[in-house]
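This is structure-v6.txt. It holds compact mmCIF, C-alpha atoms and all ligand atoms.
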```txt
# COMPACT_ATOMS: atom_id res chain seq x y z
CA MET M 673 298.70 58.85 216.55
CA SER M 674 296.49 58.35 219.59
CA SER M 675 295.21 54.92 220.52
CA PHE M 676 292.02 54.54 222.52
CA GLU M 677 292.28 50.85 223.17
CA LEU M 678 292.05 50.31 226.89
CA SER M 679 295.16 48.69 228.34
CA ARG M 680 295.20 45.59 230.51
CA GLU M 681 295.81 47.87 233.51
CA HIS M 682 292.71 49.89 232.64
CA GLU M 683 290.63 46.71 232.38
CA GLU M 684 291.96 45.44 235.72
CA PHE M 685 291.16 48.80 237.25
CA ARG M 686 287.67 48.57 235.72
CA ARG M 687 287.16 45.22 237.45
CA SER M 688 288.18 46.61 240.83
CA VAL M 689 285.84 49.62 240.54
CA ARG M 690 283.01 47.32 239.39
CA GLU M 691 283.53 45.04 242.38
CA PHE M 692 283.43 48.05 244.70
CA ALA M 693 280.30 49.46 243.06
CA GLU M 694 278.47 46.13 243.19
CA ALA M 695 279.44 45.44 246.81
CA GLU M 696 279.16 48.88 248.39
CA ILE M 697 276.70 50.83 246.23
CA ALA M 698 274.31 48.44 244.47
CA PRO M 699 272.62 47.05 247.63
CA HIS M 700 271.64 50.57 248.78
CA VAL M 701 270.86 52.47 245.59
CA GLU M 702 267.11 52.01 245.65
CA GLU M 703 266.84 53.23 249.25
CA TRP M 704 269.09 56.27 248.67
CA ASP M 705 267.10 57.14 245.59
CA ARG M 706 263.77 56.78 247.40
CA ASN M 707 264.90 58.86 250.39
CA HIS M 708 266.92 61.38 248.39
CA HIS M 709 269.84 60.43 250.64
CA PHE M 710 273.35 61.64 249.84
CA PRO M 711 275.65 58.91 251.20
CA VAL M 712 278.66 60.78 252.57
CA ASP M 713 280.29 57.55 253.79
CA VAL M 714 280.35 56.18 250.24
CA VAL M 715 282.00 59.38 249.01
CA HIS M 716 284.69 58.78 251.64
CA GLN M 717 285.00 55.16 250.53
CA MET M 718 285.42 56.23 246.90
CA GLY M 719 288.08 58.61 248.19
CA LYS M 720 289.91 55.83 250.00
CA LEU M 721 289.86 53.82 246.79
CA GLY M 722 291.67 56.76 245.18
CA LEU M 723 288.89 57.64 242.72
CA PHE M 724 288.89 61.40 243.38
CA GLY M 725 292.68 61.54 243.04
CA LEU M 726 293.13 59.52 239.85
CA THR M 727 294.35 62.45 237.76
CA ALA M 728 295.75 64.71 240.51
CA PRO M 729 299.50 65.00 241.10
CA GLU M 730 301.08 62.95 243.87
CA GLU M 731 302.02 66.05 245.87
CA TYR M 732 298.33 66.61 246.63
CA GLY M 733 297.71 62.94 247.36
CA GLY M 734 296.71 61.90 243.83
CA ALA M 735 297.88 59.03 241.61
CA ASP M 736 299.07 61.22 238.73
CA GLY M 737 297.15 58.87 236.46
CA ASP M 738 295.47 59.43 233.11
CA PHE M 739 292.08 60.84 232.21
CA THR M 740 291.09 57.50 230.68
CA SER M 741 291.21 55.90 234.16
CA LEU M 742 288.87 58.55 235.50
CA CYS M 743 286.42 57.84 232.67
CA VAL M 744 286.59 54.11 233.46
CA ALA M 745 285.79 54.83 237.12
CA ILE M 746 282.86 57.12 236.26
CA GLU M 747 281.49 54.57 233.78
CA GLU M 748 281.63 51.74 236.30
CA ILE M 749 280.16 53.72 239.21
CA GLY M 750 277.51 55.09 236.82
CA ARG M 751 276.63 51.56 235.67
CA VAL M 752 275.39 50.90 239.19
CA ASP M 753 274.30 54.36 240.31
CA GLN M 754 274.17 57.50 238.19
CA SER M 755 273.92 59.67 241.32
CA MET M 756 277.24 58.47 242.72
CA GLY M 757 278.67 58.61 239.19
CA ILE M 758 277.83 62.32 238.87
CA THR M 759 279.11 62.93 242.40
CA LEU M 760 282.50 61.57 241.34
CA GLU M 761 282.39 63.29 237.94
CA ALA M 762 281.55 66.70 239.38
CA GLY M 763 283.82 66.22 242.40
CA VAL M 764 286.81 65.86 240.09
CA GLY M 765 285.77 67.81 236.99
CA LEU M 766 284.11 70.79 238.65
CA GLY M 767 285.52 70.66 242.18
CA ILE M 768 289.17 69.66 241.89
CA ASN M 769 290.10 70.52 238.30
CA PRO M 770 289.54 74.31 238.26
CA ILE M 771 291.66 74.71 241.41
CA LEU M 772 294.29 72.29 240.13
CA THR M 773 294.49 73.93 236.70
CA PHE M 774 294.23 77.60 237.59
CA GLY M 775 295.00 77.86 241.32
CA THR M 776 298.05 79.33 243.01
CA GLU M 777 300.26 76.98 245.00
CA GLU M 778 298.71 78.31 248.19
CA GLN M 779 295.17 77.68 246.93
CA LYS M 780 296.13 74.17 245.87
CA GLN M 781 297.70 73.41 249.26
CA THR M 782 294.63 74.80 251.02
CA TRP M 783 291.91 72.97 249.13
CA LEU M 784 293.24 70.03 247.17
CA PRO M 785 294.47 67.46 249.72
CA ASP M 786 290.99 67.01 251.27
CA LEU M 787 289.23 67.06 247.89
CA VAL M 788 291.66 64.57 246.36
CA ALA M 789 291.23 62.27 249.37
CA GLY M 790 287.43 62.37 248.98
CA GLU M 791 287.18 63.79 252.51
CA ARG M 792 285.57 66.96 251.19
CA LEU M 793 283.79 68.04 247.99
CA ALA M 794 283.74 71.29 246.04
CA GLY M 795 281.32 72.70 243.46
CA PHE M 796 281.58 74.94 240.42
CA GLY M 797 278.96 77.67 240.20
CA LEU M 798 278.54 78.82 236.64
CA THR M 799 274.82 78.52 235.90
CA GLU M 800 272.43 81.23 237.09
CA PRO M 801 268.67 81.71 236.80
CA GLY M 802 269.26 83.86 233.71
CA ALA M 803 272.50 82.33 232.42
CA GLY M 804 272.84 78.63 231.51
CA SER M 805 273.82 77.84 227.92
CA ASP M 806 274.55 81.56 227.65
CA ALA M 807 276.87 81.37 230.66
CA GLY M 808 278.65 84.57 229.68
CA ALA M 809 275.46 86.43 230.64
CA THR M 810 276.31 85.92 234.31
CA ARG M 811 274.82 88.60 236.60
CA THR M 812 276.65 87.69 239.80
CA ARG M 813 279.03 90.51 240.66
CA ALA M 814 282.21 90.65 242.70
CA GLU M 815 283.65 93.98 243.67
CA LEU M 816 287.08 94.51 245.19
CA VAL M 817 286.60 96.59 248.36
CA GLY M 818 289.38 97.07 250.90
CA GLY M 819 291.28 93.93 249.93
CA GLU M 820 288.18 91.72 249.79
CA TRP M 821 285.88 90.52 247.04
CA VAL M 822 282.28 91.37 247.86
CA VAL M 823 280.09 88.87 246.01
CA ASN M 824 276.40 89.49 245.23
CA GLY M 825 274.16 87.33 243.09
CA SER M 826 272.85 83.80 242.75
CA LYS M 827 273.73 80.49 241.17
CA GLN M 828 271.44 77.67 240.14
CA PHE M 829 271.59 73.85 239.92
CA ILE M 830 275.05 73.54 241.51
CA THR M 831 276.22 69.95 242.09
CA ASN M 832 278.06 69.02 245.32
CA SER M 833 277.57 72.57 246.59
CA GLY M 834 275.67 71.97 249.82
CA SER M 835 276.59 68.55 251.20
CA ASP M 836 277.82 68.16 254.78
CA ILE M 837 281.34 67.77 253.41
CA THR M 838 281.39 70.60 250.85
CA SER M 839 284.37 72.85 251.56
CA CYS M 840 283.98 75.51 248.86
CA VAL M 841 282.34 76.56 245.62
CA THR M 842 284.19 78.21 242.77
CA VAL M 843 281.92 80.83 241.18
CA THR M 844 282.09 82.97 238.09
CA ALA M 845 281.26 86.65 238.58
CA ARG M 846 281.46 89.96 236.80
CA THR M 847 284.41 91.86 238.20
CA GLY M 848 284.23 94.91 235.93
CA ARG M 849 284.35 95.76 232.23
CA THR M 850 287.01 95.02 229.65
CA ALA M 851 288.63 97.79 227.59
CA ASP M 852 286.05 97.19 224.82
CA GLY M 853 283.14 97.54 227.27
CA LYS M 854 282.26 93.85 227.62
CA PRO M 855 281.67 92.32 231.08
CA GLU M 856 284.90 91.11 232.66
CA ILE M 857 284.28 87.66 234.15
CA SER M 858 286.54 86.21 236.82
CA THR M 859 286.44 83.14 239.00
CA ILE M 860 286.46 83.28 242.80
CA ILE M 861 286.65 80.58 245.46
CA VAL M 862 283.98 81.00 248.15
CA PRO M 863 284.38 78.76 251.22
CA ASN M 864 281.12 77.22 252.47
CA GLY M 865 280.04 78.87 255.69
CA THR M 866 281.22 82.35 254.65
CA PRO M 867 278.71 84.92 255.99
CA GLY M 868 276.47 86.12 253.18
CA PHE M 869 276.76 82.81 251.28
CA THR M 870 273.56 80.77 251.62
CA VAL M 871 273.09 77.25 250.33
CA GLU M 872 269.37 77.09 249.57
CA PRO M 873 267.33 73.89 250.12
CA ALA M 874 268.07 71.01 247.75
CA TYR M 875 266.05 70.68 244.55
CA ASN M 876 263.33 68.13 244.11
CA LYS M 877 264.79 66.58 240.95
CA LEU M 878 263.34 64.12 238.41
CA GLY M 879 266.42 61.93 238.81
CA TRP M 880 269.90 61.86 240.39
CA HIS M 881 268.02 61.75 243.72
CA ALA M 882 271.11 60.74 245.70
CA SER M 883 273.25 63.57 244.33
CA ASP M 884 273.59 66.96 245.99
CA THR M 885 272.23 69.94 243.99
CA HIS M 886 271.34 73.39 245.33
CA PRO M 887 270.66 76.98 244.38
CA LEU M 888 273.13 79.38 246.00
CA THR M 889 272.74 83.02 246.98
CA PHE M 890 275.39 85.60 247.79
CA VAL M 891 274.53 88.80 249.64
CA ASP M 892 277.51 91.02 250.43
CA CYS M 893 279.56 87.87 250.83
CA ARG M 894 283.19 88.85 251.53
CA VAL M 895 286.17 86.67 250.73
CA PRO M 896 289.89 87.61 250.67
CA GLU M 897 291.32 89.14 247.48
CA GLY M 898 293.60 86.07 247.30
CA ASN M 899 290.55 83.85 246.57
CA LEU M 900 290.59 84.99 242.95
CA LEU M 901 291.22 81.82 240.93
CA GLY M 902 293.73 82.36 238.14
CA GLU M 903 293.97 85.62 236.27
CA ARG M 904 291.37 88.34 236.68
CA GLY M 905 289.13 88.51 233.60
CA ARG M 906 289.92 84.93 232.48
CA GLY M 907 286.81 83.36 234.04
CA PHE M 908 285.10 82.76 230.70
CA ALA M 909 288.10 80.96 229.20
CA GLN M 910 288.54 78.96 232.41
CA PHE M 911 285.05 77.52 232.45
CA LEU M 912 285.17 76.69 228.75
CA ALA M 913 288.31 74.63 229.37
CA THR M 914 286.76 73.07 232.49
CA LEU M 915 283.68 71.99 230.54
CA ASP M 916 285.62 70.23 227.76
CA ASP M 917 286.92 67.60 230.18
CA GLY M 918 283.53 67.46 231.88
CA ARG M 919 281.79 66.62 228.62
CA VAL M 920 283.87 63.50 228.11
CA ALA M 921 283.32 62.52 231.74
CA ILE M 922 279.55 62.93 231.29
CA ALA M 923 279.80 60.76 228.17
CA ALA M 924 281.47 58.10 230.35
CA LEU M 925 278.57 58.36 232.79
CA ALA M 926 276.19 57.85 229.86
CA VAL M 927 278.15 54.76 228.76
CA GLY M 928 277.64 53.31 232.25
CA CYS M 929 273.91 53.95 231.93
CA ILE M 930 273.71 52.26 228.52
CA GLN M 931 275.72 49.25 229.72
CA ALA M 932 273.38 48.87 232.69
CA CYS M 933 270.36 48.95 230.36
CA LEU M 934 272.00 46.32 228.17
CA ASP M 935 272.95 43.99 231.03
CA LEU M 936 269.54 44.26 232.69
CA SER M 937 267.67 43.76 229.40
CA VAL M 938 269.64 40.69 228.33
CA GLN M 939 269.11 39.04 231.69
CA TYR M 940 265.40 39.86 231.85
CA SER M 941 264.68 38.81 228.27
CA LEU M 942 266.07 35.35 229.03
CA GLU M 943 264.04 34.99 232.24
CA ARG M 944 260.68 36.50 231.39
CA THR M 945 258.36 34.23 229.45
CA THR M 946 255.33 35.06 227.35
CA PHE M 947 253.44 32.80 224.94
CA GLY M 948 255.35 29.76 226.18
CA GLY M 949 258.96 30.96 225.95
CA PRO M 950 261.43 33.69 226.88
CA ILE M 951 260.66 37.13 225.45
CA GLY M 952 264.24 37.21 224.09
CA ARG M 953 263.25 34.80 221.31
CA LYS M 954 260.97 37.41 219.79
CA GLN M 955 262.74 39.43 217.13
CA GLY M 956 260.78 42.55 218.03
CA LEU M 957 262.47 42.53 221.40
CA ALA M 958 265.82 40.90 220.61
CA PHE M 959 266.53 43.44 217.87
CA GLN M 960 266.00 46.33 220.29
CA ILE M 961 268.47 44.70 222.68
CA ALA M 962 270.90 44.31 219.78
CA ASP M 963 270.56 48.08 219.28
CA LEU M 964 271.52 48.59 222.94
CA ARG M 965 274.72 46.65 222.28
CA VAL M 966 275.50 48.94 219.33
CA MET M 967 274.81 52.03 221.46
CA ALA M 968 277.16 50.79 224.19
CA GLU M 969 279.89 50.12 221.64
CA THR M 970 279.65 53.39 219.71
CA SER M 971 279.31 55.52 222.83
CA ARG M 972 282.23 53.79 224.53
CA LEU M 973 284.46 54.17 221.46
CA LEU M 974 283.71 57.89 221.12
CA THR M 975 284.22 58.49 224.84
CA TYR M 976 287.56 56.70 225.09
CA LYS M 977 288.73 58.20 221.81
CA ALA M 978 288.20 61.67 223.29
CA ALA M 979 289.91 60.61 226.54
CA ALA M 980 292.85 59.21 224.55
CA ILE M 981 293.24 62.51 222.68
CA LYS M 982 293.51 64.29 226.00
CA ASP M 983 295.95 61.74 227.43
CA ALA M 984 298.10 61.91 224.29
CA GLY M 985 298.22 65.72 224.51
CA GLY M 986 296.24 66.25 221.28
CA SER M 987 295.37 69.73 220.07
CA VAL M 988 292.71 71.74 221.89
CA LYS M 989 290.63 71.92 218.70
CA GLU M 990 290.78 68.15 218.18
CA PHE M 991 289.87 67.49 221.82
CA LYS M 992 287.01 70.01 221.89
CA GLU M 993 285.42 68.42 218.84
CA ALA M 994 285.89 64.87 220.12
CA ALA M 995 284.43 65.87 223.51
CA ALA M 996 281.34 67.46 221.95
CA ILE M 997 280.76 64.46 219.65
CA ALA M 998 281.17 61.96 222.50
CA LYS M 999 278.89 63.92 224.83
CA LEU M 1000 276.18 64.40 222.22
CA HIS M 1001 276.14 60.83 220.98
CA ALA M 1002 276.54 59.00 224.29
CA THR M 1003 273.95 61.04 226.21
CA GLU M 1004 271.29 60.87 223.51
CA ALA M 1005 271.97 57.13 223.18
CA ALA M 1006 271.59 56.77 226.96
CA VAL M 1007 268.14 58.39 226.91
CA THR M 1008 267.08 56.06 224.08
CA ALA M 1009 268.62 53.07 225.87
CA THR M 1010 266.60 53.70 229.02
CA ARG M 1011 263.41 53.94 226.95
CA ILE M 1012 264.18 50.58 225.33
CA ALA M 1013 265.12 48.94 228.64
CA THR M 1014 261.92 50.01 230.39
CA GLN M 1015 259.98 48.68 227.39
CA VAL M 1016 261.77 45.32 227.68
CA PHE M 1017 260.64 45.14 231.31
CA GLY M 1018 257.02 45.89 230.42
CA GLY M 1019 254.91 47.02 233.41
CA TYR M 1020 257.70 46.10 235.83
CA GLY M 1021 259.90 48.67 234.10
CA PHE M 1022 257.53 51.35 235.38
CA MET M 1023 257.96 50.19 238.99
CA GLU M 1024 260.53 51.91 241.15
CA GLU M 1025 261.92 48.68 242.60
CA TYR M 1026 263.30 47.83 239.14
CA PRO M 1027 266.55 49.67 238.39
CA VAL M 1028 265.53 50.43 234.80
CA ALA M 1029 262.87 52.84 236.13
CA ARG M 1030 265.56 54.75 238.02
CA PHE M 1031 267.87 54.81 234.99
CA TYR M 1032 264.95 56.12 232.92
CA ARG M 1033 264.57 59.10 235.26
CA ASP M 1034 268.31 59.60 235.70
CA ALA M 1035 269.24 59.63 232.01
CA LYS M 1036 267.42 62.75 230.86
CA VAL M 1037 269.72 65.24 232.59
CA LEU M 1038 272.72 63.79 230.73
CA GLU M 1039 271.45 65.65 227.64
CA ILE M 1040 271.32 68.90 229.64
CA GLY M 1041 274.21 69.23 232.13
CA GLU M 1042 277.66 70.53 231.10
CA GLY M 1043 276.25 71.80 227.82
CA THR M 1044 272.94 70.72 226.29
CA SER M 1045 272.69 68.62 223.12
CA GLU M 1046 271.91 71.81 221.21
CA VAL M 1047 275.09 73.44 222.50
CA GLN M 1048 277.13 70.38 221.43
CA ARG M 1049 275.58 70.54 217.94
CA MET M 1050 276.38 74.25 217.81
CA LEU M 1051 280.04 73.56 218.68
CA ILE M 1052 280.31 70.74 216.15
CA ALA M 1053 278.71 72.87 213.42
CA ARG M 1054 281.05 75.78 214.20
CA GLY M 1055 283.99 73.40 214.00
CA LEU M 1056 282.86 72.64 210.44
CA GLY M 1057 283.15 76.34 209.63
CA LEU M 1058 279.40 76.97 209.56
CA PRO M 1059 278.42 80.49 210.67
CA VAL M 1060 275.93 79.09 213.20
CA GLU M 1061 274.91 81.49 215.97
C1 LIG M 1101 270.96 68.22 238.06
C2 LIG M 1101 271.75 69.34 237.46
C3 LIG M 1101 273.05 69.58 237.91
C4 LIG M 1101 273.77 70.68 237.41
N1 LIG M 1101 275.02 70.95 237.92
C5 LIG M 1101 275.63 72.13 237.59
C6 LIG M 1101 276.83 72.55 238.24
O1 LIG M 1101 277.39 71.83 239.08
N2 LIG M 1101 277.36 73.76 237.91
C7 LIG M 1101 276.78 74.58 236.99
O2 LIG M 1101 277.29 75.68 236.77
N3 LIG M 1101 275.64 74.20 236.34
C8 LIG M 1101 275.06 73.00 236.62
N4 LIG M 1101 273.90 72.62 235.99
C9 LIG M 1101 273.31 73.53 235.01
C10 LIG M 1101 273.36 73.05 233.57
O3 LIG M 1101 274.68 73.08 233.09
C11 LIG M 1101 272.41 73.96 232.78
O4 LIG M 1101 271.09 73.62 233.19
C12 LIG M 1101 272.55 73.79 231.27
O5 LIG M 1101 273.79 74.30 230.84
C13 LIG M 1101 271.42 74.48 230.50
O6 LIG M 1101 271.23 75.78 230.94
P1 LIG M 1101 269.73 76.28 231.29
O7 LIG M 1101 269.16 75.30 232.23
O8 LIG M 1101 269.81 77.70 231.71
O9 LIG M 1101 268.94 76.18 229.94
P2 LIG M 1101 268.89 77.29 228.75
O10 LIG M 1101 270.27 77.74 228.44
O11 LIG M 1101 267.89 78.30 229.13
O12 LIG M 1101 268.34 76.42 227.56
C14 LIG M 1101 266.96 76.10 227.37
C15 LIG M 1101 266.84 75.36 226.05
O13 LIG M 1101 267.24 76.23 224.98
C16 LIG M 1101 268.27 75.61 224.22
N5 LIG M 1101 269.20 76.62 223.75
C17 LIG M 1101 269.80 77.61 224.49
N6 LIG M 1101 270.63 78.33 223.72
C18 LIG M 1101 270.58 77.78 222.46
C19 LIG M 1101 271.23 78.06 221.22
N7 LIG M 1101 272.12 79.05 221.10
N8 LIG M 1101 270.91 77.31 220.14
C20 LIG M 1101 270.01 76.30 220.26
N9 LIG M 1101 269.37 75.98 221.40
C21 LIG M 1101 269.66 76.70 222.48
C22 LIG M 1101 268.95 74.66 225.20
O14 LIG M 1101 269.69 73.66 224.52
C23 LIG M 1101 267.75 74.14 225.97
O15 LIG M 1101 267.13 73.13 225.22
C24 LIG M 1101 273.19 71.50 236.41
C25 LIG M 1101 271.91 71.22 235.94
C26 LIG M 1101 271.19 70.17 236.46
C27 LIG M 1101 269.80 69.94 235.95
```
Would you kindly transcribe this structure into structure tokens?
Ligand SMILES: Cc1cc2nc3c(=O)[nH]c(=O)nc-3n(C[C@H](O)[C@H](O)[C@H](O)COP(=O)(O)OP(=O)(O)OC[C@H]3O[C@@H](n4cnc5c(N)ncnc54)[C@H](O)[C@@H]3O)c2cc1C
Amino acid sequence: MSSFELSREHEEFRRSVREFAEAEIAPHVEEWDRNHHFPVDVVHQMGKLGLFGLTAPEEYGGADGDFTSLCVAIEEIGRVDQSMGITLEAGVGLGINPILTFGTEEQKQTWLPDLVAGERLAGFGLTEPGAGSDAGATRTRAELVGGEWVVNGSKQFITNSGSDITSCVTVTARTGRTADGKPEISTIIVPNGTPGFTVEPAYNKLGWHASDTHPLTFVDCRVPEGNLLGERGRGFAQFLATLDDGRVAIAALAVGCIQACLDLSVQYSLERTTFGGPIGRKQGLAFQIADLRVMAETSRLLTYKAAAIKDAGGSVKEFKEAAAIAKLHATEAAVTATRIATQVFGGYGFMEEYPVARFYRDAKVLEIGEGTSEVQRMLIARGLGLPVE
């Protein structure tokens, strides 16, 4: 029986992350967003607070804590700034976790201490121009030549892949064919700065302006044979497992977004007056804010239920389903919540100096990254035994 009630320790931890986010992030968010500035010093500060190492073992500098704590941290950072929230989410879920879960001891010793300390970041390169939802269609190739992997291909939309402190990117690549003729996909660690590995200029994104996202190209990029992550040919299974955790973490980021919309809307609806009184006395508006409260509650419950299943060691099937449900519900609710919040703010909600405008732009990608809403529905439907393609 798994319980997803947050403990007193979790709530105290929530308070400390909230205080940090309000003191160190909130005053600068608008400027970072406007200038598309990736604040490396704040990543280091989050590292010093232990946020990147919450779930990592102590031997690599982590706190050996639970997944629920990580979700709490992502929610609270995301409540103030979705860009720093995704930086933490991807730093742990896509940077640290694949190496921690599938790496050799040598790989872990090489990469993890700096990543866990928040001194460096790592990315996970799965998506390609022709392979997103259909990630198994990867075209990037890696060929073993004279004791080295020679990587050729490109990756697209890769978070934390090109910052000044990025140490490596883990990429999926075709390494041959399986006995039944299907592409064999493996995962390889490519250190940033390796000749032949180019981090292309950052994207001009609709939102998440202060997060680091790049296309990557590999032209005869050579890395040692020992950079293979985990077993050869297990790349597909590895990224599926990586994404399950990531989906819950993205749901936590969505919860932070919804909570921000709720807090901002309640405050504004008490302050703003029309027709001789606060707008919050009008049912048309108050009822929409009531809906925000329901969205925050349902999304939070689904997110922490999924996290609790993981922490309690629940079955893979149970966790996969809970992760897909949490991700689907929380991210779609977040998009709706930002639409409601900007409406509550009227014309001011359309102005960049009001945080709701930023949340409105930031929310959309939550329905896309780490598996689109359609992919989540596909997984849930398959779990029901439906023969959905
Ligand atoms: C800001 C940002 C950061 C990202 N960070 C990373 C990262 O760090 N690492 C990484 O590897 N990727 C990353 N991604 C990529 C992201 O995971 C993909 O964009 C996403 O999985 C969708 O893939 P796609 O863009 O190729 O869309 P497509 O797969 O081409 O999908 C297009 C549309 O078709 C729908 N669709 C596709 N297949 C089906 C189906 N079978 N049934 C129903 N509908 C379907 C999709 O839901 C979508 O609506 C990031 C993306 C963004 C925007």
Self-check item: Residue contacts of M:Pro863 (9 Å, all atoms listed in the file) excluding same-chain residues fewer than 3 positions away, as an MDAnalysis selection string
Solution: chainID M and resid 838:842 866 869 895
Practice problem: Give the answer as one residue: which of M:Ile860, M:Val817, M:Val871, M:Ala794 has the shortest atom-to-atom distance to M:Asp892, using only C-alpha atoms? | Solution: M:Val817
Quiz item: So how far away is atom CA of M:Asp884 from atom O1 of ligand LIG 1101 (chain M), in Å?
Solution: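 Here the two named atoms are 9.3 Å from each other.
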Can you build me a table of chain M residues sitting at most 6 Å from ligand LIG 1101 (chain M), with the closest atom pair per residue and its distance in Å to one decimal, using all atoms listed in the file, sorted by chain and residue number, as JSON lines?
```
{"residue": "M:Gly795", "atom": "CA", "partner": "M:LIG1101", "partner_atom": "O1", "distance": 5.9}
{"residue": "M:Phe796", "atom": "CA", "partner": "M:LIG1101", "partner_atom": "N2", "distance": 5.0}
{"residue": "M:Gly797", "atom": "CA", "partner": "M:LIG1101", "partner_atom": "O2", "distance": 4.3}
{"residue": "M:Leu798", "atom": "CA", "partner": "M:LIG1101", "partner_atom": "O2", "distance": 3.4}
{"residue": "M:Thr799", "atom": "CA", "partner": "M:LIG1101", "partner_atom": "O2", "distance": 3.9}
{"residue": "M:Ala803", "atom": "CA", "partner": "M:LIG1101", "partner_atom": "O8", "distance": 5.4}
{"residue": "M:Gly804", "atom": "CA", "partner": "M:LIG1101", "partner_atom": "O8", "distance": 3.2}
{"residue": "M:Ser805", "atom": "CA", "partner": "M:LIG1101", "partner_atom": "O10", "distance": 3.6}
{"residue": "M:Asp806", "atom": "CA", "partner": "M:LIG1101", "partner_atom": "O10", "distance": 5.8}
{"residue": "M:Phe829", "atom": "CA", "partner": "M:LIG1101", "partner_atom": "C24", "distance": 4.5}
{"residue": "M:Ile830", "atom": "CA", "partner": "M:LIG1101", "partner_atom": "O1", "distance": 3.8}
{"residue": "M:Thr831", "atom": "CA", "partner": "M:LIG1101", "partner_atom": "O1", "distance": 3.7}
{"residue": "M:Val1037", "atom": "CA", "partner": "M:LIG1101", "partner_atom": "C27", "distance": 5.8}
{"residue": "M:Ile1040", "atom": "CA", "partner": "M:LIG1101", "partner_atom": "C12", "distance": 5.3}
{"residue": "M:Gly1041", "atom": "CA", "partner": "M:LIG1101", "partner_atom": "O3", "distance": 4.0}
{"residue": "M:Glu1042", "atom": "CA", "partner": "M:LIG1101", "partner_atom": "O3", "distance": 4.4}
{"residue": "M:Gly1043", "atom": "CA", "partner": "M:LIG1101", "partner_atom": "O5", "distance": 4.6}
{"residue": "M:Thr1044", "atom": "CA", "partner": "M:LIG1101", "partner_atom": "O14", "distance": 4.7}
{"residue": "M:Glu1046", "atom": "CA", "partner": "M:LIG1101", "partner_atom": "O14", "distance": 4.4}
{"residue": "M:Val1047", "atom": "CA", "partner": "M:LIG1101", "partner_atom": "O14", "distance": 5.8}
```
Quiz item: At most 9 Å from (273.4, 77.7, 251.5), file frame, all atoms listed in the file: which residues, as a VMD selection string?
Solution: chain M and resid 833 to 834 864 to 865 869 to 873 886 to 890
Serialized selection, C-alpha atoms, as a compact mmCIF listing (two decimals), in the coordinates of the input:
```
# COMPACT_ATOMS: atom_id res chain seq x y z
CA SER M 833 277.57 72.57 246.59
CA GLY M 834 275.67 71.97 249.82
CA ASN M 864 281.12 77.22 252.47
CA GLY M 865 280.04 78.87 255.69
CA PHE M 869 276.76 82.81 251.28
CA THR M 870 273.56 80.77 251.62
CA VAL M 871 273.09 77.25 250.33
CA GLU M 872 269.37 77.09 249.57
CA PRO M 873 267.33 73.89 250.12
CA HIS M 886 271.34 73.39 245.33
CA PRO M 887 270.66 76.98 244.38
CA LEU M 888 273.13 79.38 246.00
CA THR M 889 272.74 83.02 246.98
CA PHE M 890 275.39 85.60 247.79
```
9 Å contact set for M:Leu1000, all atoms listed in the file, chain neighbours under 2 positions out, as a compact mmCIF listing (two decimals) with C-alpha atoms, in the coordinates of the input:
```
# COMPACT_ATOMS: atom_id res chain seq x y z
CA ARG M 919 281.79 66.62 228.62
CA ALA M 923 279.80 60.76 228.17
CA ALA M 995 284.43 65.87 223.51
CA ALA M 996 281.34 67.46 221.95
CA ILE M 997 280.76 64.46 219.65
CA ALA M 998 281.17 61.96 222.50
CA ALA M 1002 276.54 59.00 224.29
CA THR M 1003 273.95 61.04 226.21
CA GLU M 1004 271.29 60.87 223.51
CA ALA M 1005 271.97 57.13 223.18
CA GLU M 1039 271.45 65.65 227.64
CA THR M 1044 272.94 70.72 226.29
CA SER M 1045 272.69 68.62 223.12
CA GLU M 1046 271.91 71.81 221.21
CA GLN M 1048 277.13 70.38 221.43
CA ARG M 1049 275.58 70.54 217.94
```
Exercise. Tell me which protein, DNA and RNA residues are within 9 Å of M:Arg1011, counting all atoms listed in the file, leaving out same-chain ones fewer than 4 positions away, and put them as an MDAnalysis selection string.
Key: chainID M and resid 1006:1007 1015:1016 1028 1032
Self-check item: Pick from M:Phe1031, M:Phe991, M:Phe1022, M:Tyr875 nearest to M:Ala932, counting only C-alpha atoms
Solution: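 Looking at the shortest contact to M:Ala932, the residue is M:Phe1031.
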Exercise. Do a neighbour search on stretch 768-785 of chain M at 10 Å with all atoms listed in the file, toss out local chain neighbours closer than 2 positions, and write the hits as an NGL selection string.
Key: :M and (724-725 or 727-734 or 762-766 or 787-796 or 839-840 or 842 or 859 or 861 or 863 or 898-903 or 906 or 910-911 or 913-915 or 917-918)
Exercise. Extract, using all atoms listed in the file, all DNA, RNA and protein residues at most 12 Å from stretch 935-952 of chain M, discarding same-chain residues fewer than 5 positions from it, and format them as a VMD selection string.
Key: chain M and resid 751 to 752 928 to 930 957 to 965 968 1009 to 1018 1020 to 1021 1026 to 1029 1031
Exercise. For atom CA of M:Ala980 and atom CA of M:Asp736, quote the distance in Å rounded to one decimal.
Key: 15.6 Å
Quiz item: Any idea what the distance is between atom CA of M:Val891 and atom CA of M:Leu912?
Solution: 26.4 Å
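Ranking M:Ala698, M:Val715, M:Val843, M:Leu878 by their shortest atom-to-atom distance to M:Arg811, with all atoms listed in the file included, puts M:Val843 first.
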Quiz item: Nearest to M:Leu925: which of M:Ile857, M:Ile749, M:Ala735, M:Ala845 is it, counting only C-alpha atoms?
Solution: M:Ile749
